[in-house]
Structure formats: C-alpha cells, structure tokens
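*Asks:* The structure follows.
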Amino acid sequence: TPPSGHLALCSANLQNVEIGPNSSTQADDHFDTDIYDGSASNQTRTLNFQADWMWFKERTTDGINHELFDSSRLHSTSNAKFGEKLVIGGLTSVAADSTAIVSQSTNDITLLGGVSTVNDQYSRRYVNWHWKANGGTTSSNTNGSITSTVQANTTAGFSIVLYTGNNGSSGTVGHGLKSAPEWVLVFGRNVSNSQMLGVTPIGFTHYASFQTTSGYFVADATIWNDTAPTSTVFTVGGAANVNDAYNYVAYCFHSVEGYSKIGTYSGDGNTSSDGPYVYLGFRPAWLFVKRTNNTGGAIIWDNKRSTSNPTDDYLVPQLTDSESENSSTQRVDFLSNGFKVRNGATSNSINGSGSTYLFLAFAEQPFKFSNAR
C-alpha cells in the first residue's frame with residue numbers, strides 16, 4: 001500500500017494530458033498519416049479532420065519530390081483549393097498548382113488523377129502526412145515588427161505563418177501560439193535557396209537547410225539574429241533566406257505533453273543494434289530524426305507504413321528517392337513511451353558515435369493509454 005499522500009507506481013496514475021482518450025480531442029484529431037494507392041483518375045480521400053498542412057510523397061518511384069501544401073497560401077474559401085506548392089530538396093516552387101488538390105470539403109480532399117506527386121496510376125503508392133491548424137481561417141497578427149497572417153492550433157502547438165520580409169533588416173514575426181515555438185521552418189515563396197530550420201535544442205544561433213543532405217546546423221547570426229523565439233514572436237535576421245522583400249511561410253511547433261516532443265539525443269555507435277532509447281511520454285505515430293553536427297539528411301518513419309517493430313520503412317526529405325523498405329540500418333522501435341534506435345554504428349544518419357541528433361515526434365497515444373507494439 002502506498003504511503004499516505006502517494007499513489008501506486010502504475011500507468012493509470014500518470015497525469016492526464018490535454019490531448020488523449022480521456023480528453024475532448026485525440027492525437028489523430030491533430031496529426032495523422034494517410035497511405036493510399038494512386039489512380040489515373042480523380043480520387044477522394046477522407047481524412048480524420050480538415051487538414052491545413054499536407055506533406056505528400058510518392059513512395060515507389062525515384063525522382064519524385066516531396067511536396068507541401070497548406071490552406072493559408074492562395075487559399076480560396078469558396079472552393080478550398082490549395083493553390084501553391086513547396087518542394088523540399090530543390091528550389092522553392094511557387095508555380096500555381098491548384099489542380100493537384102482539386103477540392104477540399106471538410107475532411108475530404110479530392111486529388112487530380114495523373115499527377116505524379118500526389119495521385120498517378122494504381123501501381124504507385126503514396127503517403128500524406130497532415131496537420132490541423134485552424135481550418136483555413138487566418139487572422140492578422142501585429143505582435144511583431146513585421147505584420148503576419150496566422151492560423152494556429154494552440155491546443156496542438158502548431159501554426160502556419162505568412163509574412164513579407166522588410167528587405168534585409170532584422171525583425172520580429174508574430175506566430176500565434178501560446179508558448180514559444182521550439183521549431184521554426186521558413187520557406188521563401190518567391191526566392192530560391194530558402195528552406196531554413198531553427199530549433200530550440202540547438203539554439204537559434206544556428207540553422208539547418210532542408211535543401212540538401214549536407215545541411216547540418218551551422219552558426220549564422222543573419223538567419224535568426226541570434227535570438228530565441230518568445231511566447232509571441234520569432235526573430236529573423238537580415239538574410240534573404242528569411243527576410244528580404246519577398247513572401248515567406250513559416251511552420252511553427254512547440255512540444256505538447258503527451259502529444260508532441262522536440263529534442264535531441266546522442267548517438268553511441270553501438271554495433272549490436274542496441275542504440276539509444278529516447279523517452280517521449282507517448283507512443284509515436286511519426287518520427288523525424290536529423291543529424292545536427294555533420295552531414296546527413298533527415299529520416300522519417302511513421303506507424304502506417306511500418307505497422308510492427310522494427311520500424312524500418314523510411315523516407316528522406318532532402319532526396320527524391322523512393323521509400324526504403326525493411327532497412328537493416330535505418331530502423332527504430334516505436335515503444336509505448338518513446339523510441340529506441342536499433343541499428344549499429346554503420347549508420348551515421350541516426351547513431352554515429354558522439355553525434356547529436358534532432359528529433360520531432362507526434363503521438364499515436366499518450367503513455368498513460370498506450371500499449372507496446
């Protein structure tokens with residue numbers, strides 16, 4: 001019997017969280033993964049929620065880019081088209097692409113048939129990672145010296161921010177969240193070579209580029225002005241990558257207990273498939289890992305493409321490669337309360353000895369309610 005004033009050491013006595021089975025919203029009301037086969041004709045996908053940021057990747061064919069769409073850029077409330085795409089791993093593309101996503105009606109999206117990046121012939125397989133912001137409804141934010149247009153999901157710690165740079169002077173941009181973002185990813189919408197990532201665990205004295213696999217974190221005061229985000233704004237320096245006379249979009253996240261976590265771990269170079277364990281406080285549904293102190297592209301796993309451990313089907317955002325399946329080196333275990341790196345020292349991408357790795361993870365279930373795979 002526990003002493004007076006104490007509880008038994010069991011998962012049922014863990015603290016309740018804001019997103020979970022005993023709350024008004026579940027994890028998959030804010031983030032989810034949709035996997036599907038392509039079609040030569042239009043097809044409609046029914047998602048768990050009205051998606052505001054969608055990240056598509058064709059899984060079976062080399063040479064197909066990752067593409068991002070959101071409901072803030074060129075969003076039409078009359079037909080809910082997503083009119084502008086961004087391409088990871090290449091120059092930012094702002095070409096009108098409203099035909100790829102034909103329409104959106106609440107939770108349904110209709111994809112145009114024959115588009116290689118989102119819906120092309122039955123033999124091709126696709127993944128769509130998607131997040132909820134504010135249903136496409138934006139508002140003006142004047143908290144910073146640069147006025148922004150924001151739609152935010154404050155419960156899940158995610159916002160989409162549009163702003164126009166002030167032509168090279170440092171400035172601040174309102175993000176619309178309740179807490180300081182730990183992850184700020186800025187894309188230039190009409191400027192090339194602009195895919196800048198800043199994260200709290202590394203410090204906003206450094207940035208990484210999403211454009212190449214060599215984009216590890218480097219020091220540069222002109223990107224974030226060596227200033228960490230606050231509960232109301234993030235800061236941009238004078239570099240054209242984040243703040244020239246151009247239009248930009250930023251995706252901002254902060255950790256939410258039991259739902260999402262941003263952090264780092266150290267690789268141990270273990271050769272017996274017994275790598276580091278990382279506590280998250282939830283069973284992960286999606287995991288992004290990137291080496292921070294040397295070259296190496298990011299790795300992404302999810303619970304829909306790999307349904308059992310080891311979680312070994314992965315994609316690399318900086319590459320146009322198809323999905324690597326049943327990998328013997330780039331693999332992890334998804335656990336009830338975190339993840340464990342399962343490959344040996346041969347993979348510097350996720351477990352190089354002495355290397356530091358950034359991770360971003362979203363939950364399937366908080367630890368209090370989750371089971372092991």
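The chains in the structure tokens are called A, B, ... from first to last as shown; in each chain the residues are counted from 1, and the ligands are counted from 1 in the order shown.
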Please return, as an NGL selection string, all residues of range 211-251 of chain A that DSSP assigns to strand (DSSP E) on the basis of the backbone.
*Replies:* :A and (218-219 or 233-236 or 247-251)
*Asks:* Quick one: everything within 7 Å of Ile19 in chain A, counting only C-alpha atoms, minus sequence neighbours fewer than 6 positions away in the same chain. Send it as a list in words.
*Replies:*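 Final neighbour list, sorted by chain and number: Thr25, Gln26, Ala27, Gly258 and Tyr259 of chain A.
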*Asks:* For the residues in the current selection, export N, CA, C and O atoms as a PDB file, in the first residue's frame.
*Replies:*
ATOM      1  N   THR A  25     -10.246  15.831 -27.450  1.00  0.00           N
ATOM      2  CA  THR A  25      -9.617  15.528 -28.735  1.00  0.00           C
ATOM      3  C   THR A  25      -8.552  14.457 -28.566  1.00  0.00           C
ATOM      4  O   THR A  25      -7.933  14.334 -27.503  1.00  0.00           O
ATOM      5  N   GLN A  26      -8.349  13.676 -29.620  1.00  0.00           N
ATOM      6  CA  GLN A  26      -7.332  12.631 -29.650  1.00  0.00           C
ATOM      7  C   GLN A  26      -6.153  13.099 -30.498  1.00  0.00           C
ATOM      8  O   GLN A  26      -6.245  14.066 -31.251  1.00  0.00           O
ATOM      9  N   ALA A  27      -5.056  12.367 -30.399  1.00  0.00           N
ATOM     10  CA  ALA A  27      -3.863  12.734 -31.169  1.00  0.00           C
ATOM     11  C   ALA A  27      -4.149  12.791 -32.659  1.00  0.00           C
ATOM     12  O   ALA A  27      -3.696  13.701 -33.361  1.00  0.00           O
ATOM     13  N   GLY A 258       2.427  14.652 -23.948  1.00  0.00           N
ATOM     14  CA  GLY A 258       1.618  13.511 -24.349  1.00  0.00           C
ATOM     15  C   GLY A 258       1.229  13.485 -25.810  1.00  0.00           C
ATOM     16  O   GLY A 258       0.615  12.507 -26.259  1.00  0.00           O
ATOM     17  N   TYR A 259       1.584  14.533 -26.569  1.00  0.00           N
ATOM     18  CA  TYR A 259       1.195  14.601 -27.981  1.00  0.00           C
ATOM     19  C   TYR A 259       2.377  14.832 -28.909  1.00  0.00           C
ATOM     20  O   TYR A 259       2.459  14.216 -29.979  1.00  0.00           O
TER      21      TYR A 259
END
*Asks:* Just the residues within 10 Å of Lys290 in chain A, please, counting only C-alpha atoms, with nothing from its chain fewer than 3 positions along; format it as a PyMOL selection string.
*Replies:* chain A and resi 208+213+215-217+264+293-300+316+349-350+356-360
*Asks:* Give one line per residue of range 198-291 of chain A that approaches range 10-18 of chain A to at most 12 Å, naming the two atoms of the closest pair and their distance in Å to one decimal, counting only C-alpha atoms; sort by chain then ascending residue number and deliver it as a Markdown table.
*Replies:*
| residue | atom | partner | partner_atom | distance |
| --- | --- | --- | --- | --- |
| A:Val256 | CA | A:Glu18 | CA | 8.5 |
| A:Glu257 | CA | A:Val17 | CA | 6.5 |
| A:Gly258 | CA | A:Val17 | CA | 6.1 |
| A:Tyr259 | CA | A:Val17 | CA | 8.4 |
| A:Ser260 | CA | A:Val17 | CA | 11.5 |
| A:Gly281 | CA | A:Leu14 | CA | 10.2 |
| A:Phe282 | CA | A:Val17 | CA | 10.6 |
*Asks:* May I ask for the distance between CA of Gln50 in chain A and CA of Gly135 in chain A, given in Å to one decimal place?
*Replies:*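 Interatomic distance here is 6.2 Å.
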